[in-house]
file work_20.txt (compact mmCIF, C-alpha atoms)
# COMPACT_ATOMS: atom_id res chain seq x y z
CA MET A 1 63.95 79.76 100.86
CA THR A 2 60.80 77.97 101.56
CA ASP A 3 59.20 79.72 98.63
CA PHE A 4 62.06 78.74 96.38
CA VAL A 5 61.80 75.13 97.36
CA SER A 6 58.09 75.26 96.91
CA LEU A 7 58.47 76.88 93.51
CA LYS A 8 61.03 74.29 92.51
CA ARG A 9 58.72 71.53 93.52
CA ASN A 10 55.96 73.16 91.62
CA LEU A 11 58.14 73.51 88.58
CA ILE A 12 59.27 69.91 88.83
CA ALA A 13 55.67 68.82 89.21
CA GLU A 14 54.65 70.96 86.23
CA LYS A 15 57.49 69.52 84.21
CA GLU A 16 56.43 66.03 85.05
CA ARG A 17 52.85 66.94 84.24
CA LEU A 18 53.90 68.45 80.93
CA GLU A 19 56.11 65.49 80.13
CA HIS A 20 53.27 63.19 80.99
CA LEU A 21 50.91 65.34 78.95
CA ASN A 22 53.39 65.33 76.08
CA THR A 23 53.58 61.57 76.27
CA ASN A 24 49.80 61.30 76.25
CA LEU A 25 49.50 63.79 73.41
CA LYS A 26 52.18 61.96 71.49
CA GLN A 27 50.33 58.72 71.98
CA LYS A 28 47.07 60.39 70.96
CA PHE A 29 48.70 61.93 67.87
CA GLU A 30 50.16 58.60 66.94
CA GLY A 31 46.67 57.08 67.34
CA ILE A 32 45.17 59.90 65.29
CA VAL A 33 47.82 59.44 62.61
CA LYS A 34 47.12 55.73 62.57
CA GLU A 35 43.41 56.41 62.32
CA ILE A 36 43.98 58.92 59.52
CA ALA A 37 46.25 56.42 57.74
CA SER A 38 43.62 53.74 58.23
CA ALA A 39 40.95 56.15 56.95
CA ILE A 40 43.09 56.98 53.91
CA ASP A 41 43.62 53.26 53.26
CA TYR A 42 39.88 52.68 53.63
CA LEU A 43 39.19 55.55 51.25
CA ASP A 44 41.67 54.07 48.77
CA LYS A 45 40.01 50.68 49.03
CA THR A 46 36.59 52.31 48.82
CA GLU A 47 37.66 54.22 45.73
CA GLU A 48 39.00 51.02 44.18
CA HIS A 49 35.78 49.27 45.09
CA PHE A 50 33.77 52.09 43.52
CA LYS A 51 35.88 51.83 40.40
CA LYS A 52 35.19 48.09 40.27
CA LEU A 53 31.50 48.74 40.87
CA GLU A 54 31.50 51.34 38.12
CA LYS A 55 33.27 48.92 35.80
CA ASN A 56 30.85 46.16 36.75
CA LEU A 57 27.96 48.52 36.19
CA THR A 58 29.33 49.39 32.76
CA ASN A 59 29.80 45.69 32.01
CA ARG A 60 26.28 45.00 33.21
CA LYS A 61 24.93 47.71 30.96
CA ASN A 62 26.87 46.19 28.08
CA ASP A 63 25.58 42.75 29.08
CA GLU A 64 22.06 44.13 29.25
CA LEU A 65 22.45 45.63 25.78
CA GLN A 66 23.84 42.34 24.49
CA LEU A 67 21.05 40.42 26.21
CA GLU A 68 18.52 42.81 24.72
CA GLU A 69 19.93 42.17 21.25
CA GLU A 70 19.92 38.43 21.90
CA LYS A 71 16.35 38.72 23.16
CA LYS A 72 15.33 40.52 19.97
CA GLY A 73 17.11 37.84 17.93
CA LEU A 74 15.35 35.07 19.86
CA LEU A 75 12.00 36.81 19.41
CA ARG A 76 12.64 36.99 15.67
CA GLU A 77 13.55 33.29 15.64
CA ILE A 78 10.41 32.49 17.64
CA GLU A 79 8.26 34.38 15.14
CA SER A 80 10.00 32.57 12.29
CA LEU A 81 9.43 29.23 14.02
CA LYS A 82 5.77 30.11 14.54
CA GLU A 83 5.42 30.82 10.82
CA GLN A 84 7.15 27.51 10.01
CA ILE A 85 4.86 25.70 12.46
CA ASP A 86 1.82 27.28 10.79
CA ARG A 87 3.07 26.18 7.36
CA ILE A 88 3.79 22.68 8.70
CA ASN A 89 0.31 22.50 10.23
CA LEU A 90 -1.20 23.48 6.88
CA SER A 91 0.92 20.85 5.16
CA ILE A 92 -0.12 18.27 7.77
CA ASN A 93 -3.78 19.15 7.18
CA ASP A 94 -3.29 18.70 3.44
CA GLU A 95 -1.57 15.35 4.03
CA ASP A 96 -4.37 14.30 6.39
CA GLU A 97 -6.92 15.09 3.70
CA LYS A 98 -4.90 13.12 1.15
CA ILE A 99 -4.58 10.20 3.57
CA GLN A 100 -8.32 10.32 4.25
CA LYS A 101 -9.04 10.34 0.53
CA LEU A 102 -6.61 7.47 -0.09
CA THR A 103 -8.16 5.55 2.81
CA GLU A 104 -11.64 5.97 1.34
CA GLU A 105 -10.38 4.95 -2.11
CA THR A 106 -8.61 1.94 -0.59
CA GLU A 107 -11.77 0.90 1.25
CA GLN A 108 -13.74 1.26 -1.98
CA LEU A 109 -11.14 -0.81 -3.85
CA VAL A 110 -11.28 -3.47 -1.12
CA LYS A 111 -15.07 -3.59 -1.45
CA THR A 112 -14.77 -3.81 -5.23
CA LEU A 113 -12.15 -6.55 -4.87
CA ASP A 114 -14.39 -8.48 -2.49
CA ASN A 115 -17.25 -8.17 -4.97
CA LYS A 116 -14.97 -9.32 -7.79
CA LYS A 117 -13.81 -12.24 -5.67
CA SER A 118 -17.42 -13.15 -4.98
CA GLU A 119 -18.27 -12.86 -8.68
CA LEU A 120 -15.16 -14.87 -9.57
CA SER A 121 -16.09 -17.56 -7.07
CA SER A 122 -19.61 -17.70 -8.51
CA LEU A 123 -18.18 -17.80 -12.04
CA GLU A 124 -15.77 -20.58 -11.06
CA GLN A 125 -18.69 -22.55 -9.65
CA GLN A 126 -20.62 -21.99 -12.88
CA ILE A 127 -17.59 -23.02 -14.94
CA GLN A 128 -17.14 -26.12 -12.80
CA THR A 129 -20.84 -26.92 -13.23
CA ILE A 130 -20.51 -26.46 -17.00
CA LYS A 131 -17.36 -28.61 -17.00
CA ASP A 132 -19.13 -31.32 -15.06
CA SER A 133 -22.15 -31.08 -17.35
CA THR A 134 -19.93 -31.06 -20.44
CA LYS A 135 -17.98 -34.03 -19.13
CA THR A 136 -21.23 -35.89 -18.53
CA LYS A 137 -22.51 -35.01 -21.99
CA LEU A 138 -19.21 -36.01 -23.58
CA GLN A 139 -19.36 -39.32 -21.75
CA GLU A 140 -22.95 -39.80 -22.89
CA LYS A 141 -21.95 -38.79 -26.42
CA GLU A 142 -19.06 -41.24 -26.35
CA GLU A 143 -21.39 -43.95 -25.14
CA VAL A 144 -23.85 -43.14 -27.94
CA LYS A 145 -20.98 -43.07 -30.40
CA ASN A 146 -19.80 -46.46 -29.18
CA ARG A 147 -23.31 -47.84 -29.36
CA MET A 148 -23.67 -46.37 -32.83
CA ASN A 149 -20.38 -47.91 -33.86
CA ASN A 150 -21.45 -51.27 -32.48
CA ARG A 151 -24.78 -51.00 -34.24
CA ILE A 152 -23.03 -50.05 -37.47
CA GLN A 153 -20.67 -52.98 -37.13
CA ASP A 154 -23.60 -55.28 -36.45
CA ALA A 155 -25.40 -53.78 -39.43
CA GLN A 156 -22.32 -54.33 -41.57
CA LYS A 157 -22.21 -57.97 -40.60
CA THR A 158 -25.94 -58.40 -41.19
CA LEU A 159 -25.84 -56.64 -44.53
CA GLN A 160 -22.80 -58.60 -45.58
CA GLN A 161 -24.67 -61.77 -44.86
CA LEU A 162 -27.69 -60.47 -46.78
CA LEU A 163 -25.49 -59.50 -49.69
CA GLU A 164 -24.03 -62.95 -49.83
CA GLU A 165 -27.52 -64.44 -49.86
CA LYS A 166 -29.14 -62.04 -52.31
CA GLU A 167 -28.37 -61.19 -55.84
CA GLN A 168 -26.02 -58.40 -56.86
CA ASP A 169 -28.86 -56.09 -57.94
CA THR A 170 -30.53 -56.04 -54.52
CA LYS A 171 -31.18 -52.43 -53.52
CA ILE A 172 -29.48 -51.32 -50.26
CA SER A 173 -30.53 -48.44 -48.02
CA PRO A 174 -28.45 -45.26 -48.66
CA VAL A 175 -27.56 -45.06 -44.98
CA LEU A 176 -26.41 -48.66 -44.85
CA ASP A 177 -24.61 -48.33 -48.15
CA PHE A 178 -22.72 -45.29 -46.82
CA LEU A 179 -21.88 -46.98 -43.54
CA LEU A 180 -20.75 -50.18 -45.26
CA LYS A 181 -18.49 -48.38 -47.69
CA GLU A 182 -17.17 -45.44 -45.72
CA VAL A 183 -17.81 -45.83 -42.02
CA ARG A 184 -14.82 -45.36 -39.73
CA ILE A 185 -14.82 -44.24 -36.16
CA ASP A 186 -12.43 -41.39 -36.87
CA ILE A 187 -14.36 -39.72 -39.73
CA PRO A 188 -16.52 -36.64 -38.91
CA GLU A 189 -19.68 -38.17 -40.40
CA VAL A 190 -19.78 -40.77 -37.61
CA ASP A 191 -19.46 -38.04 -34.96
CA ILE A 192 -22.21 -36.00 -36.65
CA LEU A 193 -24.57 -38.98 -37.00
CA ALA A 194 -23.91 -39.99 -33.38
CA THR A 195 -24.74 -36.48 -32.18
CA LEU A 196 -27.93 -36.26 -34.27
CA ALA A 197 -28.99 -39.72 -33.12
CA TYR A 198 -28.37 -38.79 -29.49
CA ARG A 199 -30.41 -35.59 -29.77
CA ASN A 200 -33.05 -37.40 -31.86
CA GLN A 201 -34.24 -34.07 -33.25
CA ALA A 202 -33.24 -31.39 -35.75
CA MET A 203 -30.24 -29.28 -34.79
CA GLY A 204 -28.96 -25.92 -35.96
CA LEU A 205 -25.63 -25.78 -37.78
CA GLU A 206 -23.94 -23.67 -35.09
CA GLU A 207 -25.32 -25.93 -32.37
CA LEU A 208 -23.96 -28.99 -34.19
CA LYS A 209 -20.57 -27.30 -34.67
CA LYS A 210 -20.35 -26.73 -30.90
CA ALA A 211 -21.38 -30.32 -30.20
CA VAL A 212 -18.61 -31.70 -32.45
CA SER A 213 -16.11 -28.95 -31.66
CA LYS A 214 -13.11 -31.24 -32.20
CA THR A 215 -13.84 -31.17 -35.94
CA PRO A 216 -13.08 -27.95 -37.89
CA PRO A 217 -16.26 -26.08 -38.97
CA VAL A 218 -15.36 -26.32 -42.68
CA ILE A 219 -15.04 -30.11 -42.43
CA ILE A 220 -18.37 -30.31 -40.55
CA LEU A 221 -20.19 -28.38 -43.27
CA LYS A 222 -18.58 -30.52 -45.97
CA ALA A 223 -19.55 -33.72 -44.13
CA ILE A 224 -23.16 -32.49 -43.72
CA ARG A 225 -23.43 -31.70 -47.42
CA ASN A 226 -21.98 -35.14 -48.19
CA LEU A 227 -24.55 -36.85 -45.93
CA ASP A 228 -27.32 -34.66 -47.39
CA SER A 229 -26.33 -35.63 -50.93
CA LYS A 230 -26.58 -39.31 -49.96
CA GLY A 231 -30.05 -38.82 -48.45
CA ILE A 232 -28.89 -39.75 -44.95
CA VAL A 233 -29.58 -36.32 -43.44
CA LYS A 234 -31.54 -33.30 -44.53
CA TYR A 235 -29.80 -29.94 -44.38
CA ASP A 236 -32.28 -27.05 -44.66
CA GLU A 237 -30.12 -24.00 -45.27
CA ARG A 238 -33.10 -21.63 -45.11
CA LEU A 239 -34.13 -22.84 -41.65
CA ASP A 240 -30.53 -23.72 -40.74
CA THR A 241 -31.52 -27.19 -39.48
CA ILE A 242 -30.03 -30.66 -39.86
CA GLU A 243 -31.84 -33.92 -39.10
CA ILE A 244 -31.51 -37.61 -39.90
CA THR A 245 -33.94 -38.61 -42.65
CA ALA A 246 -33.15 -42.33 -43.02
CA ASP A 247 -33.22 -45.27 -40.65
CA LEU A 248 -29.83 -46.58 -39.65
CA VAL A 249 -31.02 -50.23 -39.53

call {"tool": "encode", "arguments": {"input": "work_20.txt", "output": "structure tokens"}}
result
Amino acid sequence: MTDFVSLKRNLIAEKERLEHLNTNLKQKFEGIVKEIASAIDYLDKTEEHFKKLEKNLTNRKNDELQLEEEKKGLLREIESLKEQIDRINLSINDEDEKIQKLTEETEQLVKTLDNKKSELSSLEQQIQTIKDSTKTKLQEKEEVKNRMNNRIQDAQKTLQQLLEEKEQDTKISPVLDFLLKEVRIDIPEVDILATLAYRNQAMGLEELKKAVSKTPPVIILKAIRNLDSKGIVKYDERLDTIEITADLV
């Protein structure tokens, strides 16, 4: 009986041990199952991650190929730009040479212009001097002409008085006869005689024409021949000289 009770106790204890062991094993299996499930989930996620990485790697390779093509395109553009820059530099050098040449030509023109201005200024001074001299000579000529006119008028009065006192056949000087009959201030002969009297020496025809430039050359020559025919002046065509040959008073 004692053995039976002892066996029963042992069996009960073994049962409890087995039940406890079963509970522990069940818990362990559940933990293992959970771990396996977690491992499977991790593997799934890892596989998905690897797929993404593989896809990214493929995309990166494609990107690298695209970047390589873009790099080649950029290198070609850079080479083209370098060639354009070289051409532009050559063009700039040509333009610089042209600008330098134009600058030198401009400087030369400025120098020439300055010289011309200086020459023009000198010429203007000479012209002004000639104008002043001509004005003075014209004034002197006018004064001589006026004096000549006064002397002629006085001579006319004197001769008129002499004519009234003398007989009709009294001989009169050719100069006085011409002045009495034809003298007028506005005729060319008076201008010619005034000029010759002022110079008080023989003059060339061209010189006389310049001195009495207001009178046309044809009229001057005609007047000289007229005075020469009356014996008032002598016109030597061979020597081209004209001079007064008779006294005016």

call {"tool": "closest_residue", "arguments": {"input": "work_20.txt", "among": "A:Ala197, A:Val233, A:Ala223, A:Met203", "to": "Asn149 (chain A)", "atoms": "all atoms listed in the file"}}
result
A:Ala197

call {"tool": "closest_residue", "arguments": {"input": "work_20.txt", "among": "A:Ile232, A:Ile224, A:Leu239, A:Ile244", "to": "Arg199 (chain A)", "atoms": "all atoms listed in the file"}}
result
A:Ile244

call {"tool": "axis_aligned_box", "arguments": {"input": "work_20.txt", "around": "region 126-141 of chain A", "padding_each_side": "4 Å", "output": "JSON"}}
result
{"center_x": -20.0, "center_y": -30.9, "center_z": -19.6, "size_x": 13.8, "size_y": 25.8, "size_z": 21.6}

call {"tool": "atom_distance", "arguments": {"input": "work_20.txt", "atom1": "CA of Glu237 (chain A)", "atom2": "CA of Glu206 (chain A)"}}
result
11.9 Å

call {"tool": "atom_distance", "arguments": {"input": "work_20.txt", "atom1": "CA of Leu75 (chain A)", "atom2": "CA of Lys61 (chain A)"}}
result
20.5 Å

call {"tool": "atom_distance", "arguments": {"input": "work_20.txt", "atom1": "CA of Lys145 (chain A)", "atom2": "CA of Glu189 (chain A)"}}
result
11.2 Å
